[in-house]
>>> print(open('start26.pdb').read())   # PDB, C-alpha atoms, pLDDT in the B column
ATOM      1  CA  MET C   1      43.582  67.273 -57.329  1.00 93.00           C
ATOM      2  CA  ILE C   2      42.153  64.308 -55.403  1.00 96.00           C
ATOM      3  CA  LYS C   3      43.008  64.398 -51.688  1.00 97.00           C
ATOM      4  CA  ILE C   4      43.453  61.316 -49.521  1.00 98.00           C
ATOM      5  CA  GLU C   5      43.589  61.242 -45.739  1.00 98.00           C
ATOM      6  CA  ILE C   6      44.981  58.147 -44.018  1.00 98.00           C
ATOM      7  CA  TRP C   7      43.669  57.068 -40.630  1.00 97.00           C
ATOM      8  CA  ALA C   8      45.989  54.828 -38.610  1.00 96.00           C
ATOM      9  CA  SER C   9      46.491  53.548 -35.086  1.00 94.00           C
ATOM     10  CA  GLY C  10      49.887  51.869 -35.256  1.00 92.00           C
ATOM     11  CA  GLY C  11      53.353  51.931 -36.696  1.00 93.00           C
ATOM     12  CA  GLY C  12      52.399  53.376 -40.036  1.00 95.00           C
ATOM     13  CA  THR C  13      54.173  50.927 -42.356  1.00 96.00           C
ATOM     14  CA  ASN C  14      51.171  50.789 -44.690  1.00 97.00           C
ATOM     15  CA  ALA C  15      50.808  54.576 -44.510  1.00 97.00           C
ATOM     16  CA  ASP C  16      54.461  54.925 -45.525  1.00 98.00           C
ATOM     17  CA  LYS C  17      53.971  52.698 -48.585  1.00 98.00           C
ATOM     18  CA  ILE C  18      50.734  54.444 -49.573  1.00 98.00           C
ATOM     19  CA  ILE C  19      52.221  57.944 -49.303  1.00 98.00           C
ATOM     20  CA  SER C  20      55.317  56.886 -51.268  1.00 98.00           C
ATOM     21  CA  TYR C  21      53.131  55.311 -53.966  1.00 98.00           C
ATOM     22  CA  PHE C  22      50.914  58.365 -54.410  1.00 98.00           C
ATOM     23  CA  ASN C  23      53.891  60.734 -54.427  1.00 97.00           C
ATOM     24  CA  LYS C  24      54.488  59.333 -57.942  1.00 97.00           C
ATOM     25  CA  ILE C  25      50.861  59.639 -59.124  1.00 96.00           C
ATOM     26  CA  PRO C  26      49.802  62.947 -60.663  1.00 94.00           C
ATOM     27  CA  ASN C  27      46.622  64.574 -59.331  1.00 95.00           C
ATOM     28  CA  ILE C  28      46.182  62.224 -56.347  1.00 96.00           C
ATOM     29  CA  ASN C  29      47.927  63.117 -53.088  1.00 96.00           C
ATOM     30  CA  VAL C  30      47.919  61.947 -49.504  1.00 98.00           C
ATOM     31  CA  VAL C  31      47.599  65.270 -47.719  1.00 98.00           C
ATOM     32  CA  SER C  32      47.047  64.277 -44.089  1.00 98.00           C
ATOM     33  CA  LEU C  33      47.116  61.475 -41.559  1.00 98.00           C
ATOM     34  CA  GLY C  34      44.838  61.081 -38.552  1.00 96.00           C
ATOM     35  CA  CYS C  35      45.711  58.873 -35.607  1.00 95.00           C
ATOM     36  CA  ASP C  36      44.063  57.940 -32.313  1.00 93.00           C
ATOM     37  CA  ARG C  37      47.199  56.842 -30.424  1.00 93.00           C
ATOM     38  CA  LYS C  38      49.558  59.536 -29.209  1.00 93.00           C
ATOM     39  CA  ASP C  39      52.689  57.362 -29.408  1.00 94.00           C
ATOM     40  CA  ALA C  40      51.911  55.705 -32.760  1.00 94.00           C
ATOM     41  CA  GLY C  41      54.719  55.387 -35.280  1.00 95.00           C
ATOM     42  CA  ALA C  42      52.326  56.717 -37.921  1.00 96.00           C
ATOM     43  CA  PHE C  43      53.158  60.248 -36.731  1.00 97.00           C
ATOM     44  CA  LYS C  44      56.821  59.702 -37.653  1.00 97.00           C
ATOM     45  CA  VAL C  45      55.702  58.575 -41.109  1.00 97.00           C
ATOM     46  CA  ALA C  46      53.642  61.752 -41.578  1.00 97.00           C
ATOM     47  CA  LYS C  47      56.606  63.869 -40.474  1.00 97.00           C
ATOM     48  CA  LYS C  48      58.987  61.973 -42.782  1.00 97.00           C
ATOM     49  CA  HIS C  49      56.746  62.762 -45.754  1.00 97.00           C
ATOM     50  CA  GLY C  50      55.959  66.313 -44.678  1.00 97.00           C
ATOM     51  CA  ILE C  51      52.205  65.826 -44.414  1.00 97.00           C
ATOM     52  CA  LYS C  52      49.841  67.207 -41.792  1.00 96.00           C
ATOM     53  CA  SER C  53      49.042  64.896 -38.895  1.00 96.00           C
ATOM     54  CA  ILE C  54      46.055  65.028 -36.571  1.00 95.00           C
ATOM     55  CA  TYR C  55      45.801  63.383 -33.154  1.00 95.00           C
ATOM     56  CA  TRP C  56      42.386  62.393 -31.868  1.00 91.00           C
ATOM     57  CA  ASP C  57      42.164  61.825 -28.143  1.00 86.00           C
ATOM     58  CA  LYS C  58      38.849  60.814 -26.621  1.00 79.00           C
ATOM     59  CA  LYS C  59      37.720  64.449 -26.378  1.00 78.00           C
ATOM     60  CA  SER C  60      38.634  65.457 -29.923  1.00 77.00           C
ATOM     61  CA  TRP C  61      37.120  62.324 -31.514  1.00 82.00           C
ATOM     62  CA  GLU C  62      33.721  63.984 -31.632  1.00 86.00           C
ATOM     63  CA  ILE C  63      31.713  63.052 -34.711  1.00 88.00           C
ATOM     64  CA  SER C  64      30.454  66.422 -35.941  1.00 89.00           C
ATOM     65  CA  LYS C  65      33.846  68.062 -35.291  1.00 88.00           C
ATOM     66  CA  THR C  66      35.673  65.244 -37.081  1.00 91.00           C
ATOM     67  CA  ILE C  67      33.366  65.549 -40.107  1.00 93.00           C
ATOM     68  CA  HIS C  68      33.771  69.335 -40.100  1.00 93.00           C
ATOM     69  CA  ASP C  69      37.568  69.067 -39.916  1.00 93.00           C
ATOM     70  CA  VAL C  70      37.781  66.462 -42.689  1.00 94.00           C
ATOM     71  CA  GLU C  71      35.544  68.611 -44.900  1.00 95.00           C
ATOM     72  CA  GLU C  72      37.619  71.684 -44.074  1.00 95.00           C
ATOM     73  CA  ARG C  73      40.705  69.815 -45.344  1.00 95.00           C
ATOM     74  CA  SER C  74      38.713  69.041 -48.556  1.00 96.00           C
ATOM     75  CA  ILE C  75      39.364  65.314 -48.238  1.00 97.00           C
ATOM     76  CA  ASP C  76      37.937  63.200 -51.060  1.00 97.00           C
ATOM     77  CA  PHE C  77      38.838  59.695 -49.806  1.00 98.00           C
ATOM     78  CA  ILE C  78      39.708  58.194 -46.435  1.00 98.00           C
ATOM     79  CA  VAL C  79      42.057  55.213 -46.242  1.00 98.00           C
ATOM     80  CA  LEU C  80      42.061  53.144 -43.052  1.00 97.00           C
ATOM     81  CA  ALA C  81      45.540  51.677 -42.672  1.00 96.00           C
ATOM     82  CA  GLY C  82      45.553  49.883 -39.346  1.00 92.00           C
ATOM     83  CA  PHE C  83      42.905  52.157 -37.824  1.00 93.00           C
ATOM     84  CA  LEU C  84      41.300  50.281 -34.935  1.00 89.00           C
ATOM     85  CA  LYS C  85      38.280  52.449 -34.133  1.00 88.00           C
ATOM     86  CA  LEU C  86      34.866  51.748 -35.590  1.00 89.00           C
ATOM     87  CA  VAL C  87      34.091  54.621 -37.940  1.00 92.00           C
ATOM     88  CA  PRO C  88      30.825  56.236 -36.770  1.00 92.00           C
ATOM     89  CA  LYS C  89      27.797  55.878 -39.020  1.00 93.00           C
ATOM     90  CA  GLU C  90      27.577  59.651 -39.518  1.00 95.00           C
ATOM     91  CA  ILE C  91      31.050  59.646 -41.109  1.00 95.00           C
ATOM     92  CA  ILE C  92      30.179  56.541 -43.147  1.00 95.00           C
ATOM     93  CA  GLU C  93      27.041  58.281 -44.441  1.00 95.00           C
ATOM     94  CA  ARG C  94      28.915  61.503 -45.279  1.00 94.00           C
ATOM     95  CA  TYR C  95      31.701  59.607 -47.088  1.00 95.00           C
ATOM     96  CA  GLU C  96      29.665  56.668 -48.349  1.00 93.00           C
ATOM     97  CA  GLY C  97      31.681  54.630 -50.839  1.00 95.00           C
ATOM     98  CA  ARG C  98      34.768  56.761 -50.206  1.00 97.00           C
ATOM     99  CA  ILE C  99      36.343  54.977 -47.227  1.00 98.00           C
ATOM    100  CA  ILE C 100      38.541  51.925 -47.781  1.00 98.00           C
ATOM    101  CA  ASN C 101      40.146  49.529 -45.283  1.00 97.00           C
ATOM    102  CA  ILE C 102      42.597  46.664 -45.244  1.00 97.00           C
ATOM    103  CA  HIS C 103      42.141  43.631 -42.991  1.00 97.00           C
ATOM    104  CA  PRO C 104      44.751  40.917 -42.283  1.00 97.00           C
ATOM    105  CA  SER C 105      42.588  37.898 -43.092  1.00 97.00           C
ATOM    106  CA  LEU C 106      40.496  36.479 -45.876  1.00 98.00           C
ATOM    107  CA  LEU C 107      37.141  37.938 -44.914  1.00 98.00           C
ATOM    108  CA  PRO C 108      34.528  37.010 -43.890  1.00 97.00           C
ATOM    109  CA  SER C 109      36.764  34.733 -41.777  1.00 97.00           C
ATOM    110  CA  TYR C 110      38.495  36.294 -38.783  1.00 97.00           C
ATOM    111  CA  GLY C 111      36.854  39.696 -39.038  1.00 96.00           C
ATOM    112  CA  GLY C 112      34.831  41.769 -36.630  1.00 93.00           C
ATOM    113  CA  LYS C 113      35.306  43.541 -33.330  1.00 90.00           C
ATOM    114  CA  ASN C 114      38.602  42.766 -31.573  1.00 91.00           C
ATOM    115  CA  MET C 115      39.904  40.864 -34.603  1.00 95.00           C
ATOM    116  CA  TYR C 116      42.983  42.789 -35.646  1.00 93.00           C
ATOM    117  CA  GLY C 117      46.731  42.291 -35.878  1.00 92.00           C
ATOM    118  CA  ASP C 118      48.216  39.450 -33.866  1.00 96.00           C
ATOM    119  CA  TYR C 119      44.772  38.334 -32.652  1.00 97.00           C
ATOM    120  CA  VAL C 120      43.838  37.471 -36.235  1.00 97.00           C
ATOM    121  CA  HIS C 121      47.136  35.695 -36.933  1.00 97.00           C
ATOM    122  CA  GLN C 122      46.907  33.664 -33.719  1.00 97.00           C
ATOM    123  CA  ALA C 123      43.344  32.585 -34.506  1.00 97.00           C
ATOM    124  CA  VAL C 124      44.370  31.513 -38.025  1.00 97.00           C
ATOM    125  CA  ILE C 125      47.256  29.450 -36.606  1.00 97.00           C
ATOM    126  CA  ASN C 126      45.150  27.978 -33.781  1.00 97.00           C
ATOM    127  CA  ASN C 127      42.587  26.793 -36.333  1.00 97.00           C
ATOM    128  CA  LYS C 128      45.332  25.256 -38.516  1.00 96.00           C
ATOM    129  CA  GLU C 129      44.168  27.124 -41.585  1.00 97.00           C
ATOM    130  CA  PRO C 130      46.021  26.188 -44.783  1.00 97.00           C
ATOM    131  CA  LYS C 131      46.137  29.813 -45.911  1.00 97.00           C
ATOM    132  CA  SER C 132      45.540  33.371 -44.824  1.00 98.00           C
ATOM    133  CA  GLY C 133      45.769  36.709 -46.543  1.00 98.00           C
ATOM    134  CA  ILE C 134      44.451  40.214 -46.798  1.00 98.00           C
ATOM    135  CA  SER C 135      41.090  41.691 -47.704  1.00 98.00           C
ATOM    136  CA  ILE C 136      40.713  45.214 -49.033  1.00 98.00           C
ATOM    137  CA  HIS C 137      37.160  46.470 -48.648  1.00 98.00           C
ATOM    138  CA  GLU C 138      34.935  49.508 -48.559  1.00 97.00           C
ATOM    139  CA  VAL C 139      33.907  50.528 -45.072  1.00 97.00           C
ATOM    140  CA  ASN C 140      30.359  50.347 -43.774  1.00 95.00           C
ATOM    141  CA  GLU C 141      28.855  50.613 -40.288  1.00 92.00           C
ATOM    142  CA  GLU C 142      30.127  47.215 -39.113  1.00 91.00           C
ATOM    143  CA  PHE C 143      33.687  46.033 -38.548  1.00 92.00           C
ATOM    144  CA  ASP C 144      35.002  44.303 -41.700  1.00 94.00           C
ATOM    145  CA  LYS C 145      31.611  43.868 -43.386  1.00 94.00           C
ATOM    146  CA  GLY C 146      31.913  46.281 -46.323  1.00 95.00           C
ATOM    147  CA  LYS C 147      32.067  45.326 -49.987  1.00 96.00           C
ATOM    148  CA  ILE C 148      35.249  43.333 -50.656  1.00 97.00           C
ATOM    149  CA  LEU C 149      37.296  44.881 -53.459  1.00 98.00           C
ATOM    150  CA  ALA C 150      40.272  42.485 -53.514  1.00 98.00           C
ATOM    151  CA  GLN C 151      41.809  39.589 -51.628  1.00 98.00           C
ATOM    152  CA  PHE C 152      45.303  38.121 -51.782  1.00 98.00           C
ATOM    153  CA  SER C 153      46.430  34.955 -50.016  1.00 98.00           C
ATOM    154  CA  VAL C 154      49.511  33.131 -48.773  1.00 98.00           C
ATOM    155  CA  ASN C 155      49.976  29.517 -47.769  1.00 97.00           C
ATOM    156  CA  LEU C 156      50.774  28.698 -44.167  1.00 97.00           C
ATOM    157  CA  ASP C 157      53.663  26.408 -43.345  1.00 94.00           C
ATOM    158  CA  ILE C 158      53.521  23.959 -40.480  1.00 93.00           C
ATOM    159  CA  ASN C 159      56.228  25.976 -38.720  1.00 94.00           C
ATOM    160  CA  ASP C 160      54.520  29.360 -39.064  1.00 96.00           C
ATOM    161  CA  ASP C 161      54.026  31.309 -35.878  1.00 97.00           C
ATOM    162  CA  VAL C 162      52.429  34.719 -35.318  1.00 97.00           C
ATOM    163  CA  GLU C 163      55.604  36.586 -36.290  1.00 97.00           C
ATOM    164  CA  SER C 164      56.256  34.676 -39.507  1.00 98.00           C
ATOM    165  CA  LEU C 165      52.599  34.918 -40.556  1.00 98.00           C
ATOM    166  CA  LYS C 166      52.614  38.644 -39.756  1.00 97.00           C
ATOM    167  CA  ARG C 167      55.614  39.112 -42.078  1.00 97.00           C
ATOM    168  CA  LYS C 168      53.829  37.243 -44.894  1.00 98.00           C
ATOM    169  CA  ILE C 169      50.666  39.312 -44.432  1.00 97.00           C
ATOM    170  CA  GLN C 170      52.583  42.583 -44.236  1.00 96.00           C
ATOM    171  CA  TYR C 171      54.346  41.716 -47.484  1.00 97.00           C
ATOM    172  CA  LEU C 172      50.937  41.285 -49.172  1.00 98.00           C
ATOM    173  CA  GLU C 173      49.718  44.565 -47.699  1.00 97.00           C
ATOM    174  CA  HIS C 174      52.740  46.494 -48.944  1.00 97.00           C
ATOM    175  CA  GLU C 175      52.623  44.790 -52.334  1.00 97.00           C
ATOM    176  CA  HIS C 176      48.939  45.339 -53.109  1.00 98.00           C
ATOM    177  CA  PHE C 177      47.137  47.922 -50.966  1.00 98.00           C
ATOM    178  CA  SER C 178      48.340  51.085 -52.743  1.00 98.00           C
ATOM    179  CA  SER C 179      47.547  49.875 -56.254  1.00 98.00           C
ATOM    180  CA  ILE C 180      44.073  48.684 -55.188  1.00 98.00           C
ATOM    181  CA  ILE C 181      43.425  52.093 -53.582  1.00 98.00           C
ATOM    182  CA  HIS C 182      44.516  53.737 -56.841  1.00 98.00           C
ATOM    183  CA  SER C 183      42.221  51.559 -58.992  1.00 97.00           C
ATOM    184  CA  TRP C 184      39.339  52.103 -56.567  1.00 97.00           C
ATOM    185  CA  ILE C 185      39.776  55.893 -56.616  1.00 97.00           C
ATOM    186  CA  LYS C 186      39.922  55.904 -60.427  1.00 95.00           C
ATOM    187  CA  SER C 187      36.693  53.858 -60.559  1.00 95.00           C
ATOM    188  CA  LYS C 188      34.976  56.390 -58.289  1.00 91.00           C
ATOM    189  CA  SER C 189      36.321  59.451 -60.075  1.00 72.00           C
ATOM    190  CA  LEU C 190      35.162  58.654 -63.597  1.00 56.00           C
TER     191      LEU C 190
END
>>> encode(input="start26.pdb", output="structure tokens")
Amino acid sequence: MIKIEIWASGGGTNADKIISYFNKIPNINVVSLGCDRKDAGAFKVAKKHGIKSIYWDKKSWEISKTIHDVEERSIDFIVLAGFLKLVPKEIIERYEGRIINIHPSLLPSYGGKNMYGDYVHQAVINNKEPKSGISIHEVNEEFDKGKILAQFSVNLDINDDVESLKRKIQYLEHEHFSSIIHSWIKSKSL
């Protein structure tokens, strides 16, 4: 069986969709969820699905311990679903080509440090972009610079604000992220 661990920092809506998707896929399971924010909704998602959750405070987010713990859980792939920390290079090296992320813009535009969530949507609107979207990419040592696996876009309307754009982007995330993860895992597991 292939084991996935999701890392999140927020509400967990993507985690919920991913877990539900893989509950229907034989031999691939989401077995755990790690989170760096004590009050994150992602913990409720883990509880709802009956999977193990791990909280990393500043003390417990220690690189060698994190690697040891992930290896002890026999994790094959890590999925970043709204995880806001930069993954340390030691973890990237240990899981090279086996960590995937989703970003709420059409990379390389609007990526990098401090470009997440509403900050991305506001920048897109401020620059009067005709479209935005999502980028699903492998993770490397820099924020949002890994190999792009897929992108999906939506048109912006003149009346779009941060909330309406966020809804459009979240729809794309929920529609596409799980199936791209699945295809990516199959390509790595051949």
>>> resolve_selection(input="start26.pdb", expression="the PyMOL selection byres ((chain C and resi 146-152) around 10)", output="JSON, numbers by chain")
{"C": [97, 99, 100, 101, 102, 103, 104, 105, 106, 107, 108, 132, 133, 134, 135, 136, 137, 138, 139, 140, 141, 142, 143, 144, 145, 153, 154, 169, 172, 173, 175, 176, 177, 180, 181, 183, 184]}
>>> atom_distance(input="start26.pdb", atom1="CA of Ala42 in chain C", atom2="CA of Val79 in chain C")
13.3 Å
>>> atom_distance(input="start26.pdb", atom1="CA of Gln122 in chain C", atom2="CA of Ser164 in chain C")
11.0 Å
>>> closest_residue(input="start26.pdb", among="C:Ser109, C:Ser9, C:Asn14, C:Asn23", to="Ile54 in chain C", atoms="all atoms listed in the file")
C:Ser9
>>> closest_residue(input="start26.pdb", among="C:Asn114, C:Ser179, C:Ser74, C:Ser20", to="Gly50 in chain C", atoms="only C-alpha atoms")
C:Ser20
>>> build_atoms(input="start26.pdb", residues="range 86-107 of chain C", atoms="N, CA and C atoms", output="PDB file, in the coordinates of the input")
ATOM      1  N   LEU C  86      36.004  51.875 -34.688  1.00 89.00           N
ATOM      2  CA  LEU C  86      34.866  51.748 -35.590  1.00 89.00           C
ATOM      3  C   LEU C  86      34.504  53.148 -36.078  1.00 89.00           C
ATOM      4  N   VAL C  87      34.429  53.314 -37.381  1.00 92.00           N
ATOM      5  CA  VAL C  87      34.091  54.621 -37.940  1.00 92.00           C
ATOM      6  C   VAL C  87      32.589  54.855 -37.708  1.00 92.00           C
ATOM      7  N   PRO C  88      32.236  55.966 -37.074  1.00 92.00           N
ATOM      8  CA  PRO C  88      30.825  56.236 -36.770  1.00 92.00           C
ATOM      9  C   PRO C  88      29.961  56.325 -38.027  1.00 92.00           C
ATOM     10  N   LYS C  89      28.704  55.931 -37.871  1.00 93.00           N
ATOM     11  CA  LYS C  89      27.797  55.878 -39.020  1.00 93.00           C
ATOM     12  C   LYS C  89      27.631  57.232 -39.690  1.00 93.00           C
ATOM     13  N   GLU C  90      27.720  58.317 -38.937  1.00 95.00           N
ATOM     14  CA  GLU C  90      27.577  59.651 -39.518  1.00 95.00           C
ATOM     15  C   GLU C  90      28.713  59.935 -40.514  1.00 95.00           C
ATOM     16  N   ILE C  91      29.913  59.471 -40.191  1.00 95.00           N
ATOM     17  CA  ILE C  91      31.050  59.646 -41.109  1.00 95.00           C
ATOM     18  C   ILE C  91      30.885  58.723 -42.308  1.00 95.00           C
ATOM     19  N   ILE C  92      30.427  57.499 -42.047  1.00 95.00           N
ATOM     20  CA  ILE C  92      30.179  56.541 -43.147  1.00 95.00           C
ATOM     21  C   ILE C  92      29.156  57.148 -44.125  1.00 95.00           C
ATOM     22  N   GLU C  93      28.077  57.698 -43.586  1.00 95.00           N
ATOM     23  CA  GLU C  93      27.041  58.281 -44.441  1.00 95.00           C
ATOM     24  C   GLU C  93      27.580  59.463 -45.241  1.00 95.00           C
ATOM     25  N   ARG C  94      28.367  60.314 -44.606  1.00 94.00           N
ATOM     26  CA  ARG C  94      28.915  61.503 -45.279  1.00 94.00           C
ATOM     27  C   ARG C  94      29.912  61.112 -46.375  1.00 94.00           C
ATOM     28  N   TYR C  95      30.667  60.054 -46.138  1.00 95.00           N
ATOM     29  CA  TYR C  95      31.701  59.607 -47.088  1.00 95.00           C
ATOM     30  C   TYR C  95      31.376  58.226 -47.662  1.00 95.00           C
ATOM     31  N   GLU C  96      30.100  57.976 -47.853  1.00 93.00           N
ATOM     32  CA  GLU C  96      29.665  56.668 -48.349  1.00 93.00           C
ATOM     33  C   GLU C  96      30.389  56.310 -49.651  1.00 93.00           C
ATOM     34  N   GLY C  97      30.967  55.106 -49.663  1.00 95.00           N
ATOM     35  CA  GLY C  97      31.681  54.630 -50.839  1.00 95.00           C
ATOM     36  C   GLY C  97      33.034  55.285 -51.044  1.00 95.00           C
ATOM     37  N   ARG C  98      33.487  56.064 -50.056  1.00 97.00           N
ATOM     38  CA  ARG C  98      34.768  56.761 -50.206  1.00 97.00           C
ATOM     39  C   ARG C  98      35.715  56.495 -49.037  1.00 97.00           C
ATOM     40  N   ILE C  99      35.446  55.405 -48.307  1.00 98.00           N
ATOM     41  CA  ILE C  99      36.343  54.977 -47.227  1.00 98.00           C
ATOM     42  C   ILE C  99      36.726  53.528 -47.506  1.00 98.00           C
ATOM     43  N   ILE C 100      38.023  53.256 -47.481  1.00 98.00           N
ATOM     44  CA  ILE C 100      38.541  51.925 -47.781  1.00 98.00           C
ATOM     45  C   ILE C 100      39.384  51.442 -46.601  1.00 98.00           C
ATOM     46  N   ASN C 101      39.414  50.129 -46.401  1.00 97.00           N
ATOM     47  CA  ASN C 101      40.146  49.529 -45.283  1.00 97.00           C
ATOM     48  C   ASN C 101      40.884  48.291 -45.763  1.00 97.00           C
ATOM     49  N   ILE C 102      41.898  47.926 -45.014  1.00 97.00           N
ATOM     50  CA  ILE C 102      42.597  46.664 -45.244  1.00 97.00           C
ATOM     51  C   ILE C 102      42.485  45.837 -43.969  1.00 97.00           C
ATOM     52  N   HIS C 103      42.265  44.532 -44.136  1.00 97.00           N
ATOM     53  CA  HIS C 103      42.141  43.631 -42.991  1.00 97.00           C
ATOM     54  C   HIS C 103      43.068  42.439 -43.198  1.00 97.00           C
ATOM     55  N   PRO C 104      43.750  41.980 -42.135  1.00 97.00           N
ATOM     56  CA  PRO C 104      44.751  40.917 -42.283  1.00 97.00           C
ATOM     57  C   PRO C 104      44.195  39.496 -42.235  1.00 97.00           C
ATOM     58  N   SER C 105      43.104  39.262 -42.925  1.00 97.00           N
ATOM     59  CA  SER C 105      42.588  37.898 -43.092  1.00 97.00           C
ATOM     60  C   SER C 105      41.757  37.858 -44.365  1.00 97.00           C
ATOM     61  N   LEU C 106      41.369  36.658 -44.721  1.00 98.00           N
ATOM     62  CA  LEU C 106      40.496  36.479 -45.876  1.00 98.00           C
ATOM     63  C   LEU C 106      39.053  36.542 -45.374  1.00 98.00           C
ATOM     64  N   LEU C 107      38.515  37.744 -45.382  1.00 98.00           N
ATOM     65  CA  LEU C 107      37.141  37.938 -44.914  1.00 98.00           C
ATOM     66  C   LEU C 107      36.178  37.108 -45.757  1.00 98.00           C
TER      67      LEU C 107
END
